[in-house]
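These notes concern the structure reproduced below.
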Amino acid sequence: MCGIVGATAERNVVKILVEGLHRLEYRGYDSAGLALVDGDSAGITAYKRLGKVANLENALKENPHDSHVGIAHTRWATHGKPSETNAHPHLSADSIALVHNGIIENHAELRDMLVAEGYEFVSETDTEVIVHLVHKYFQQQQELFKAVKSAIAQLDGAFALAVLCKDEPNHIVVARSGSPLVIGVGIDENFIASDQLALRQVTDRFIFLEEGDMADVSCDQLNIFDVHGELVEREVVQLDDYADASDKGQFRHYMMKEIFEQPKVVAETLRGRLGKHQVMEEIFGADASSLFDRVKRVQIVACGTSYHTGVITRYWLESIAKVPCNVEIASEFRYRDVVVEPDTIFITISQSGETADTLAALRKAKDIGYTASLTICNAPASSLVRESDLVLMTQAGPEIGVASTKAFTTQLVSLLLFTLVIGRRNGLTPAREQEIVSQLNELSDLCAKTLELADRIKEVSNHFTETTSCLFLGRGMQYPVAMEGALKLKEISYIHAEAYPAGELKHGPLALVDSETPIVAVAPNNDLLEKLKSNLEEVRARGGRLYVFADVNSGFSESDGVTVINVPHVSDVLEPLIYTIPLQLLSYYVAVLRGTDVDQPRNLAKSVTVE
Ligand code: F6R
């Protein structure tokens, strides 16, 4: 989604803002802009450019500027098309400038009211109503902080915003409700951002604002007020060194770097969590044991790739832990009538921890009586983490590529740990748990071995460059693996791709099979292999081109129209983790050949903080 960064310092802040925007670009990137206070009330100067932050940076090189207070924004269009006029910051009467993340639901009625009062709108955005509202109240109250407070009291929806005022040139006023906002604490300088990653070059100390907080930020003062308007102290958190997260190293794209980090981050996610023979259940928190004793059912809710993690987890929970599990897409769950069965734990899965639909689903779940909530998340200070009863952090490190890769595998690892902890309450024997734990101990090496397939997959990817449509097939746990493979291919290569359970082919999709449509099959050597082989025969009989990711021992051989990629042997339980990796590589290489923007695919954003 959109990104916000702001700075107030004794030095020139322009470079800091631009660097921050570059670091936020992965969130949303149809346009970028910044507003700078010209000092001593001379005025506010704003620059906006369509497209990448580099365009804005070039504009600033042509018009060098010196300023000690500024706010900046990368936009991902929600209201109004991508254009310079719709880009942030928005200004009112050239005296107030504002950047905003989120969506204002009552913007139409506020716009009508402000137009009736004489305000002229230049953009199609919902944001412009906020800046005019602030201006209106500033005229009445002559104090920026009070004006922002009065303005946000009128807003329905979600927002994180930062505001500058020509007549109060030394500070920034910020507010958060429903969208994340963080303050970076420096020495005689302070910063704000929607994601701490934007500020890692200037500080490692952060204050994560809470719901309803407002703050008044200048270079030597920081005042935070809670939802009731009370001055509050918020903890300053020192973050570990994330230095390499925004560096691609030897790789051309973040996505490839992140695919290749999987052996490391899988090991990180297991580190300190496995005893000799079993999972240490304290990792879920002090209250976890007694809560888990009550769990009879599981409800999982997530979006996109994280939803696919949930679908795989259902197979584990029902086969290993013998616990019924339901999995649902968050945007559906949040708006339907739900019957809550007793003793059900509610699980959210999210890389960012800020996905608006998943967060809304959690809030609904808390209202309707689930036994407890657990989140599997990769962002330590995120809203999902703060609002859930129990948390298990994935240790993927920041994921910059929009297409989720290492976050997915670490989510799977985390939920397998949960499965074992619940399973041992339901007849999972210590011997079986120990067996799975020793497989987990081998997982990092197995991921590394699977990555050795990269060159072979690069060769195969040449067959997909002219493809317009592609089917992914799997059975059992490989069906959600196929879903994830199809999502990866479509989001970064823009090839239409769909996943089906292989047994479902004859009920419709078989009609799509011809020699033009590649069919990707996921074929580990398990109980369903013979069934899958029969389904693939149906495809071959109709002239379909098959690409089979098969266990070395599964007996597939290459022939005309059948390409086989041999995947290292893996135990049944860990199949989804290993078979996902070659599919990630396939989508990556196909996208590179097709020349798409791999790390920032069109129309997508990393952190989806709007509905
Ligand atoms: C796809 C992808 C998305 C996210 C989805 C949920 O590669 O990354 O489908 O998985 O937007 O995001 P999180 O996990 O942050 O809740």
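Here, A, B, ... name the chains of the structure tokens in the order displayed, residue numbers run from 1 inside each chain, and ligands are numbered from 1 in the same displayed order.
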
Please build the interface table for chain A against ligand 1 with a cut-off of 8 Å, listing for each qualifying residue the nearest atom pair and the distance in Å to one decimal; count only C-alpha atoms and all ligand atoms, order rows by chain and increasing number, and write it as a tab-separated table.
residue	atom	partner	partner_atom_place_in_ligand_line	distance
A:Ala302	CA	ligand 1	16 (O)	6.4
A:Cys303	CA	ligand 1	6 (C)	4.5
A:Gly304	CA	ligand 1	9 (O)	3.2
A:Thr305	CA	ligand 1	10 (O)	3.7
A:Ser306	CA	ligand 1	10 (O)	4.7
A:Tyr307	CA	ligand 1	10 (O)	7.1
A:Ile349	CA	ligand 1	14 (O)	6.4
A:Ser350	CA	ligand 1	14 (O)	3.4
A:Gln351	CA	ligand 1	14 (O)	3.7
A:Ser352	CA	ligand 1	15 (O)	3.6
A:Gly353	CA	ligand 1	15 (O)	5.7
A:Glu354	CA	ligand 1	15 (O)	6.4
A:Thr355	CA	ligand 1	16 (O)	4.6
A:Thr358	CA	ligand 1	16 (O)	6.6
A:Cys377	CA	ligand 1	14 (O)	7.8
A:Val402	CA	ligand 1	8 (O)	5.7
A:Ala403	CA	ligand 1	7 (O)	3.4
A:Ser404	CA	ligand 1	7 (O)	3.9
A:Thr405	CA	ligand 1	7 (O)	6.9
A:Ala407	CA	ligand 1	14 (O)	7.7
A:Phe408	CA	ligand 1	10 (O)	7.8
A:Leu487	CA	ligand 1	1 (C)	6.8
A:Lys488	CA	ligand 1	7 (O)	5.9
A:Glu491	CA	ligand 1	7 (O)	7.1
A:Ala605	CA	ligand 1	11 (O)	7.8
A:Lys606	CA	ligand 1	8 (O)	6.4
A:Ser607	CA	ligand 1	15 (O)	5.6
A:Val608	CA	ligand 1	11 (O)	5.9

Generate the output file for the selected residues, N, CA, C and O atoms, as a short mmCIF file (atom, residue, chain, number, x, y, z; two decimals), in the first residue's frame.
data_model
loop_
_atom_site.label_atom_id
_atom_site.label_comp_id
_atom_site.auth_asym_id
_atom_site.auth_seq_id
_atom_site.Cartn_x
_atom_site.Cartn_y
_atom_site.Cartn_z
N ALA A 302 -7.04 -15.81 6.61
CA ALA A 302 -5.89 -15.10 6.04
C ALA A 302 -6.23 -14.69 4.60
O ALA A 302 -7.33 -14.97 4.12
N CYS A 303 -5.28 -14.04 3.94
CA CYS A 303 -5.46 -13.61 2.54
C CYS A 303 -4.30 -14.12 1.68
O CYS A 303 -3.18 -14.24 2.18
N GLY A 304 -4.57 -14.32 0.42
CA GLY A 304 -3.52 -14.57 -0.59
C GLY A 304 -2.65 -15.77 -0.25
O GLY A 304 -3.12 -16.85 0.10
N THR A 305 -1.35 -15.54 -0.34
CA THR A 305 -0.39 -16.60 -0.05
C THR A 305 -0.57 -17.12 1.38
O THR A 305 -0.47 -18.33 1.64
N SER A 306 -0.83 -16.21 2.30
CA SER A 306 -1.01 -16.63 3.69
C SER A 306 -2.24 -17.54 3.83
O SER A 306 -2.26 -18.45 4.67
N TYR A 307 -3.24 -17.30 2.99
CA TYR A 307 -4.41 -18.19 2.99
C TYR A 307 -3.98 -19.60 2.54
O TYR A 307 -4.43 -20.61 3.11
N ILE A 349 -3.01 -15.58 9.84
CA ILE A 349 -1.66 -15.77 9.28
C ILE A 349 -1.39 -14.56 8.40
O ILE A 349 -2.21 -14.20 7.57
N SER A 350 -0.24 -13.92 8.61
CA SER A 350 0.03 -12.71 7.83
C SER A 350 1.51 -12.39 7.86
O SER A 350 2.13 -12.40 8.93
N GLN A 351 2.06 -12.11 6.71
CA GLN A 351 3.45 -11.64 6.66
C GLN A 351 3.55 -10.26 7.30
O GLN A 351 4.36 -10.03 8.17
N SER A 352 2.69 -9.34 6.86
CA SER A 352 2.82 -7.94 7.27
C SER A 352 2.21 -7.65 8.64
O SER A 352 2.60 -6.70 9.31
N GLY A 353 1.19 -8.42 9.00
CA GLY A 353 0.48 -8.14 10.25
C GLY A 353 -0.42 -6.92 10.18
O GLY A 353 -0.98 -6.50 11.18
N GLU A 354 -0.55 -6.35 8.98
CA GLU A 354 -1.37 -5.14 8.85
C GLU A 354 -2.46 -5.30 7.80
O GLU A 354 -3.13 -4.33 7.47
N THR A 355 -2.62 -6.48 7.23
CA THR A 355 -3.61 -6.67 6.17
C THR A 355 -5.00 -6.33 6.71
O THR A 355 -5.47 -6.93 7.68
N THR A 358 -7.65 -9.11 7.24
CA THR A 358 -7.28 -10.09 8.28
C THR A 358 -7.45 -9.47 9.66
O THR A 358 -7.95 -10.10 10.60
N CYS A 377 2.91 -14.46 12.37
CA CYS A 377 3.17 -13.17 11.74
C CYS A 377 4.67 -12.92 11.61
O CYS A 377 5.46 -13.46 12.37
N VAL A 402 7.34 -8.09 -3.64
CA VAL A 402 5.90 -8.11 -3.39
C VAL A 402 5.38 -9.56 -3.33
O VAL A 402 4.52 -9.89 -2.52
N ALA A 403 5.92 -10.42 -4.19
CA ALA A 403 5.48 -11.82 -4.17
C ALA A 403 6.08 -12.51 -2.95
O ALA A 403 7.29 -12.56 -2.77
N SER A 404 5.21 -13.05 -2.14
CA SER A 404 5.67 -13.66 -0.89
C SER A 404 6.32 -15.02 -1.15
O SER A 404 5.75 -15.86 -1.84
N THR A 405 7.51 -15.23 -0.60
CA THR A 405 8.20 -16.51 -0.80
C THR A 405 8.67 -17.06 0.55
O THR A 405 8.08 -17.99 1.09
N ALA A 407 8.34 -15.78 3.43
CA ALA A 407 7.34 -15.65 4.49
C ALA A 407 6.43 -16.87 4.48
O ALA A 407 6.06 -17.40 5.54
N PHE A 408 6.09 -17.34 3.27
CA PHE A 408 5.21 -18.50 3.14
C PHE A 408 5.83 -19.75 3.79
O PHE A 408 5.19 -20.42 4.60
N LEU A 487 -0.68 -18.75 -8.17
CA LEU A 487 -0.71 -17.34 -7.74
C LEU A 487 0.63 -16.66 -8.05
O LEU A 487 0.67 -15.54 -8.58
N LYS A 488 1.73 -17.36 -7.72
CA LYS A 488 3.05 -16.76 -7.98
C LYS A 488 3.21 -16.47 -9.46
O LYS A 488 3.67 -15.40 -9.85
N GLU A 491 0.92 -13.48 -10.58
CA GLU A 491 1.19 -12.14 -10.07
C GLU A 491 2.48 -11.53 -10.61
O GLU A 491 2.54 -10.31 -10.79
N ALA A 605 0.58 -4.39 -4.21
CA ALA A 605 1.32 -3.73 -3.14
C ALA A 605 1.68 -4.77 -2.09
O ALA A 605 1.05 -5.81 -1.98
N LYS A 606 2.72 -4.47 -1.33
CA LYS A 606 3.22 -5.46 -0.38
C LYS A 606 2.33 -5.58 0.84
O LYS A 606 2.09 -6.67 1.34
N SER A 607 1.89 -4.45 1.34
CA SER A 607 1.16 -4.50 2.59
C SER A 607 -0.21 -3.89 2.33
O SER A 607 -0.32 -2.70 2.04
N VAL A 608 -1.25 -4.73 2.38
CA VAL A 608 -2.56 -4.29 1.90
C VAL A 608 -3.38 -3.75 3.06
O VAL A 608 -4.21 -4.45 3.65
#

List every residue of segment 298-379 of chain A that DSSP, applied to the backbone, labels as helix (DSSP H, G or I), and write the result as a ChimeraX atom specification. /A:304-319,330-333,356-367

Figure out the distance between atom CA of Ala365 of chain A and atom CA of Asp213 of chain A, please, to one decimal in Å.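 The value is 23.8 Å.
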
Calculated over only C-alpha atoms, which of the candidates A:Ser331, A:Ser95, A:Asn63, A:Ser123 has the smallest distance to Gly43 of chain A?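 Using only C-alpha atoms, the shortest distance to Gly43 of chain A belongs to A:Ser95.
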
With distances taken over only C-alpha atoms, which residue among A:Leu536, A:Ala35, A:Val217, A:Val185 lies nearest Phe145 of chain A? A:Val217

Test item, strand (DSSP E or B) assignment across segment 337-455 of chain A, answer as a ChimeraX atom specification: /A:344-350,372-377,390-393

Go ahead and write the residues just picked, N, CA, C and O atoms, as a short mmCIF file (atom, residue, chain, number, x, y, z; two decimals), in the first residue's frame.
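Listing of again-v8.cif after writing:
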data_model
loop_
_atom_site.label_atom_id
_atom_site.label_comp_id
_atom_site.auth_asym_id
_atom_site.auth_seq_id
_atom_site.Cartn_x
_atom_site.Cartn_y
_atom_site.Cartn_z
N THR A 344 -13.05 -23.22 20.09
CA THR A 344 -12.37 -23.02 18.81
C THR A 344 -11.33 -21.92 18.94
O THR A 344 -11.64 -20.82 19.40
N ILE A 345 -10.11 -22.22 18.54
CA ILE A 345 -9.08 -21.18 18.52
C ILE A 345 -9.10 -20.51 17.15
O ILE A 345 -9.28 -21.18 16.12
N PHE A 346 -8.92 -19.20 17.14
CA PHE A 346 -8.98 -18.41 15.91
C PHE A 346 -7.55 -18.03 15.52
O PHE A 346 -6.85 -17.37 16.28
N ILE A 347 -7.13 -18.45 14.33
CA ILE A 347 -5.74 -18.20 13.92
C ILE A 347 -5.71 -17.27 12.71
O ILE A 347 -6.40 -17.51 11.72
N THR A 348 -4.90 -16.22 12.80
CA THR A 348 -4.63 -15.40 11.62
C THR A 348 -3.20 -15.66 11.16
O THR A 348 -2.32 -15.92 11.99
N ILE A 349 -3.01 -15.58 9.84
CA ILE A 349 -1.66 -15.77 9.28
C ILE A 349 -1.39 -14.56 8.40
O ILE A 349 -2.21 -14.20 7.57
N SER A 350 -0.24 -13.92 8.61
CA SER A 350 0.03 -12.71 7.83
C SER A 350 1.51 -12.39 7.86
O SER A 350 2.13 -12.40 8.93
N ALA A 372 -9.72 -18.28 21.93
CA ALA A 372 -8.50 -17.46 21.99
C ALA A 372 -8.08 -17.15 20.57
O ALA A 372 -8.58 -17.77 19.62
N SER A 373 -7.16 -16.18 20.44
CA SER A 373 -6.65 -15.89 19.10
C SER A 373 -5.14 -16.08 19.08
O SER A 373 -4.45 -15.76 20.05
N LEU A 374 -4.68 -16.61 17.95
CA LEU A 374 -3.23 -16.79 17.75
C LEU A 374 -2.90 -16.19 16.40
O LEU A 374 -3.64 -16.40 15.43
N THR A 375 -1.81 -15.44 16.32
CA THR A 375 -1.37 -14.98 15.00
C THR A 375 0.00 -15.55 14.67
O THR A 375 0.86 -15.66 15.54
N ILE A 376 0.15 -15.90 13.40
CA ILE A 376 1.45 -16.33 12.88
C ILE A 376 1.88 -15.18 11.98
O ILE A 376 1.25 -14.92 10.94
N CYS A 377 2.91 -14.46 12.37
CA CYS A 377 3.17 -13.17 11.74
C CYS A 377 4.67 -12.92 11.61
O CYS A 377 5.46 -13.46 12.37
N LEU A 390 -2.22 -14.81 21.51
CA LEU A 390 -0.97 -15.57 21.40
C LEU A 390 -0.32 -15.25 20.06
O LEU A 390 -1.01 -14.97 19.07
N VAL A 391 1.01 -15.33 20.07
CA VAL A 391 1.75 -14.96 18.85
C VAL A 391 2.86 -15.97 18.63
O VAL A 391 3.55 -16.35 19.58
N LEU A 392 3.05 -16.41 17.40
CA LEU A 392 4.30 -17.09 17.07
C LEU A 392 4.88 -16.37 15.87
O LEU A 392 4.27 -16.33 14.79
N MET A 393 6.04 -15.77 16.08
CA MET A 393 6.66 -14.99 15.01
C MET A 393 7.37 -15.92 14.03
O MET A 393 8.11 -16.81 14.45
#

Using atom CA of Ala288 of chain A and atom CA of Gly423 of chain A as the two end points, give the distance in Å to one decimal.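 About the pair atom CA of Ala288 of chain A and atom CA of Gly423 of chain A: they are 14.2 Å apart.
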